[in-house]
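Only one structure is covered here, and it is reproduced in the block below.
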Amino acid sequence: MKHPFDYEIIYSSRRTTAIQVSPDGRVIVRAPKHCPRGFIDSFICQKEDWVLKHLSRFEKQRELHSSTKRPPLSGKDRARYMAVARDIFMKKAAYYARIMDVSYGRISIREQRTRWGSCSSKGNLNFNWRLILAPEEVLDYVVVHELAHRREMNHSKAFYAIVESVLPDYRSARRWLREHGHSLWEAV
């Protein structure tokens with residue numbers, strides 16, 4: 001059966017079938033394991049108007065948003081943000097390095113669309129200045145994450161055990177970054 005939109009099915013141990021439309025236009029059907037495809041198809045048919053209404057609303061919001069894009073950041077403003085970020089990350093790195101009993105080299109502040117932070121094999125740390133627009137616990141998570149690489153240059157269980165020993169609730173900060181990180185590029 002063909003529907004006027006694409007969708008993705010996620011099977012899990014849930015008991016009911018549900019449909020979700022995300023602001024970026026994805027349609028996700030959550031269904032119990034072993035749920036027949038025919039049932040899912042008829043469920044989508046019943047919900048088609050509702051899905052189309054939401055897709056249309058999100059599309060309008062995206063169009064509005066793209067037409068009200070703010071002008072690019074001036075070099076002077078960017079330099080000011082980077083200076084503030086340098087101060088914040090230097091203090092946080094010093095604080096957490098003491099707690100974690102690790103050392104580090106140089107701290108650089110950058111603006112990279114693909115990375116929030118990094119740690120080189122020499123122990124130099126890089127942080128994305130746009131993180132200063134995120135909640136405090138997200139900054140702490142990125143700093144601790146990079147400093148944990150001073151012990152484990154990987155993302156193994158041992159690595160995350162180090163992160164968790166300092167920030168037991170690090171998963172919520174990591175989730176925030178995954179779900180809302182893109183908004184830091186629209187904030188200024």
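Please note that chains go A, B, ... in the order of the structure tokens, that every chain numbers its residues from 1, and that ligands are numbered from 1 in the order shown.
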
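By only C-alpha atoms, and with residues fewer than 3 positions from A:Gln112 along its chain excluded, the set lying at most 9 Å from it is Arg115, Trp116, Gly117, Phe127, Asn128 and Trp129 of chain A.
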
Same residues, C-alpha atoms, saved as a compact mmCIF listing (two decimals), in the first residue's frame:
# COMPACT_ATOMS: atom_id res chain seq x y z
CA ARG A 115 32.91 18.59 16.41
CA TRP A 116 32.20 19.85 19.90
CA GLY A 117 35.61 18.99 21.25
CA PHE A 127 36.50 23.11 22.18
CA ASN A 128 33.78 24.58 20.02
CA TRP A 129 32.90 28.09 21.28

Within chain A, find each residue whose DSSP state, derived from the backbone, is helix (DSSP H, G or I), and express the selection as a PyMOL selection string.
chain A and resi 37-67+75-100+129-133+136-148+157-166+170-187

With only C-alpha atoms as the atoms that count, which of A:Lys122, A:Arg26, A:Lys92, A:His34 lies nearest to A:Tyr104?
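Closest to A:Tyr104 of all the choices is A:Lys122.
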
Distance query A:Arg106 at most 10 Å, only C-alpha atoms, self and fewer than 4 positions along chain excluded, as a list in words
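My list of contacting residues is Met90, Cys119, Ser120, Lys122, Gly123, Asn124, Leu125 and Asn126 of chain A.
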
Since we have the selection now, will you write its residues out, keeping N, CA and C atoms, as a short mmCIF file (atom, residue, chain, number, x, y, z; two decimals), in the first residue's frame?
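Result file is part00.cif:
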data_model
loop_
_atom_site.label_atom_id
_atom_site.label_comp_id
_atom_site.auth_asym_id
_atom_site.auth_seq_id
_atom_site.Cartn_x
_atom_site.Cartn_y
_atom_site.Cartn_z
N MET A 90 39.04 27.15 29.96
CA MET A 90 40.30 27.05 30.72
C MET A 90 39.99 26.75 32.19
N CYS A 119 40.65 15.86 21.65
CA CYS A 119 41.87 15.77 22.45
C CYS A 119 42.92 15.08 21.59
N SER A 120 44.04 15.76 21.37
CA SER A 120 45.08 15.17 20.52
C SER A 120 45.92 14.19 21.34
N LYS A 122 48.87 14.42 21.99
CA LYS A 122 49.80 15.17 22.86
C LYS A 122 49.07 15.79 24.05
N GLY A 123 47.74 15.63 24.07
CA GLY A 123 46.98 16.17 25.20
C GLY A 123 46.46 17.58 24.98
N ASN A 124 46.54 18.07 23.73
CA ASN A 124 45.98 19.39 23.45
C ASN A 124 44.47 19.27 23.29
N LEU A 125 43.75 20.21 23.87
CA LEU A 125 42.29 20.16 23.86
C LEU A 125 41.72 21.24 22.94
N ASN A 126 40.71 20.87 22.18
CA ASN A 126 39.97 21.83 21.34
C ASN A 126 38.52 21.82 21.77
#

Please measure the separation of atom CA of A:His180 and atom CA of A:Asp87, giving the value in Å to one decimal.
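Between atom CA of A:His180 and atom CA of A:Asp87 the gap works out to 23.7 Å.
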
Pick out the closest residue to A:Glu111 from this set: A:Trp50, A:Tyr81, A:Tyr96, A:Phe5. Count only C-alpha atoms.
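Going through A:Trp50, A:Tyr81, A:Tyr96, A:Phe5 one by one, the smallest distance to A:Glu111 is for A:Tyr81.
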
Closest to A:Arg62 among A:Pro4, A:Pro135, A:Pro23, A:Gly38, using only C-alpha atoms?
A:Pro23

Which residues, written as an mmCIF file with N, CA and C atoms, in the first residue's frame, have at least one atom at most 6 Å from stretch 140-147 of chain A, with only C-alpha atoms counted and residues fewer than 2 positions away on the same chain left out?
data_model
loop_
_atom_site.group_PDB
_atom_site.id
_atom_site.type_symbol
_atom_site.label_atom_id
_atom_site.label_comp_id
_atom_site.auth_asym_id
_atom_site.auth_seq_id
_atom_site.Cartn_x
_atom_site.Cartn_y
_atom_site.Cartn_z
ATOM 1 N N SER A 118 37.792 17.989 21.047
ATOM 2 C CA SER A 118 38.709 16.903 20.691
ATOM 3 C C SER A 118 39.931 16.978 21.602
ATOM 4 N N CYS A 119 40.645 15.861 21.648
ATOM 5 C CA CYS A 119 41.867 15.770 22.452
ATOM 6 C C CYS A 119 42.919 15.081 21.588
ATOM 7 N N GLU A 137 25.624 21.821 32.191
ATOM 8 C CA GLU A 137 26.008 20.401 32.326
ATOM 9 C C GLU A 137 26.519 19.833 31.004
ATOM 10 N N VAL A 138 26.141 20.443 29.888
ATOM 11 C CA VAL A 138 26.624 19.989 28.575
ATOM 12 C C VAL A 138 28.093 20.385 28.413
ATOM 13 N N HIS A 149 39.923 11.212 27.610
ATOM 14 C CA HIS A 149 40.801 10.685 26.551
ATOM 15 C C HIS A 149 42.270 10.726 26.976
ATOM 16 N N ARG A 150 42.591 11.461 28.038
ATOM 17 C CA ARG A 150 43.969 11.459 28.539
ATOM 18 C C ARG A 150 44.298 10.116 29.180
#

Contacts of A:Lys47 within 12 Å, only C-alpha atoms, excl. fewer than 5 positions in-chain, as a list in words
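Contacts, in chain order: His3, Pro4, Phe5, Thr17, Ala18, Ile19, Gln20, Val21, Val27, Val29, Ile40, Asp41, Ser42, Leu52, Lys53 and His54 of chain A.
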
Quick one: write out the picked residues with C-alpha atoms as a PDB file, in the first residue's frame?
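Once written, selection27.pdb looks like this:
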ATOM      1  CA  HIS A   3       1.199   6.360   1.315  1.00  0.00           C
ATOM      2  CA  PRO A   4       1.800  10.030   0.411  1.00  0.00           C
ATOM      3  CA  PHE A   5       4.811  10.126   2.762  1.00  0.00           C
ATOM      4  CA  THR A  17       1.366   1.028  17.903  1.00  0.00           C
ATOM      5  CA  ALA A  18       2.051   4.763  17.748  1.00  0.00           C
ATOM      6  CA  ILE A  19       2.980   7.254  15.065  1.00  0.00           C
ATOM      7  CA  GLN A  20       5.236  10.249  15.499  1.00  0.00           C
ATOM      8  CA  VAL A  21       6.057  13.178  13.203  1.00  0.00           C
ATOM      9  CA  VAL A  27       7.463   9.965  10.172  1.00  0.00           C
ATOM     10  CA  VAL A  29       5.872   4.283  13.426  1.00  0.00           C
ATOM     11  CA  ILE A  40       0.729  -1.259  10.399  1.00  0.00           C
ATOM     12  CA  ASP A  41      -0.470  -0.315   6.881  1.00  0.00           C
ATOM     13  CA  SER A  42      -4.102   0.012   7.949  1.00  0.00           C
ATOM     14  CA  LEU A  52      -0.268  15.123   6.615  1.00  0.00           C
ATOM     15  CA  LYS A  53      -1.551  17.945   8.830  1.00  0.00           C
ATOM     16  CA  HIS A  54       1.557  17.734  11.042  1.00  0.00           C
TER      17      HIS A  54
END

Point out the residue among A:Met100, A:Ile107, A:Ala173, A:Leu73 with the least atom-to-atom distance to A:Ile88, counting only C-alpha atoms.
A:Ile107

Find the spatial neighbours of stretch 183-188 of chain A, counting only C-alpha atoms, within a cut-off of 8 Å - ignore same-chain residues fewer than 2 positions away - and output them as a PyMOL selection string.
chain A and resi 70+73+130-131+133-134+180-181

Taking the DSSP secondary structure from the backbone, can you list the residues of stretch 23-160 of chain A that are strand (DSSP E or B), as a count of residues only?
17
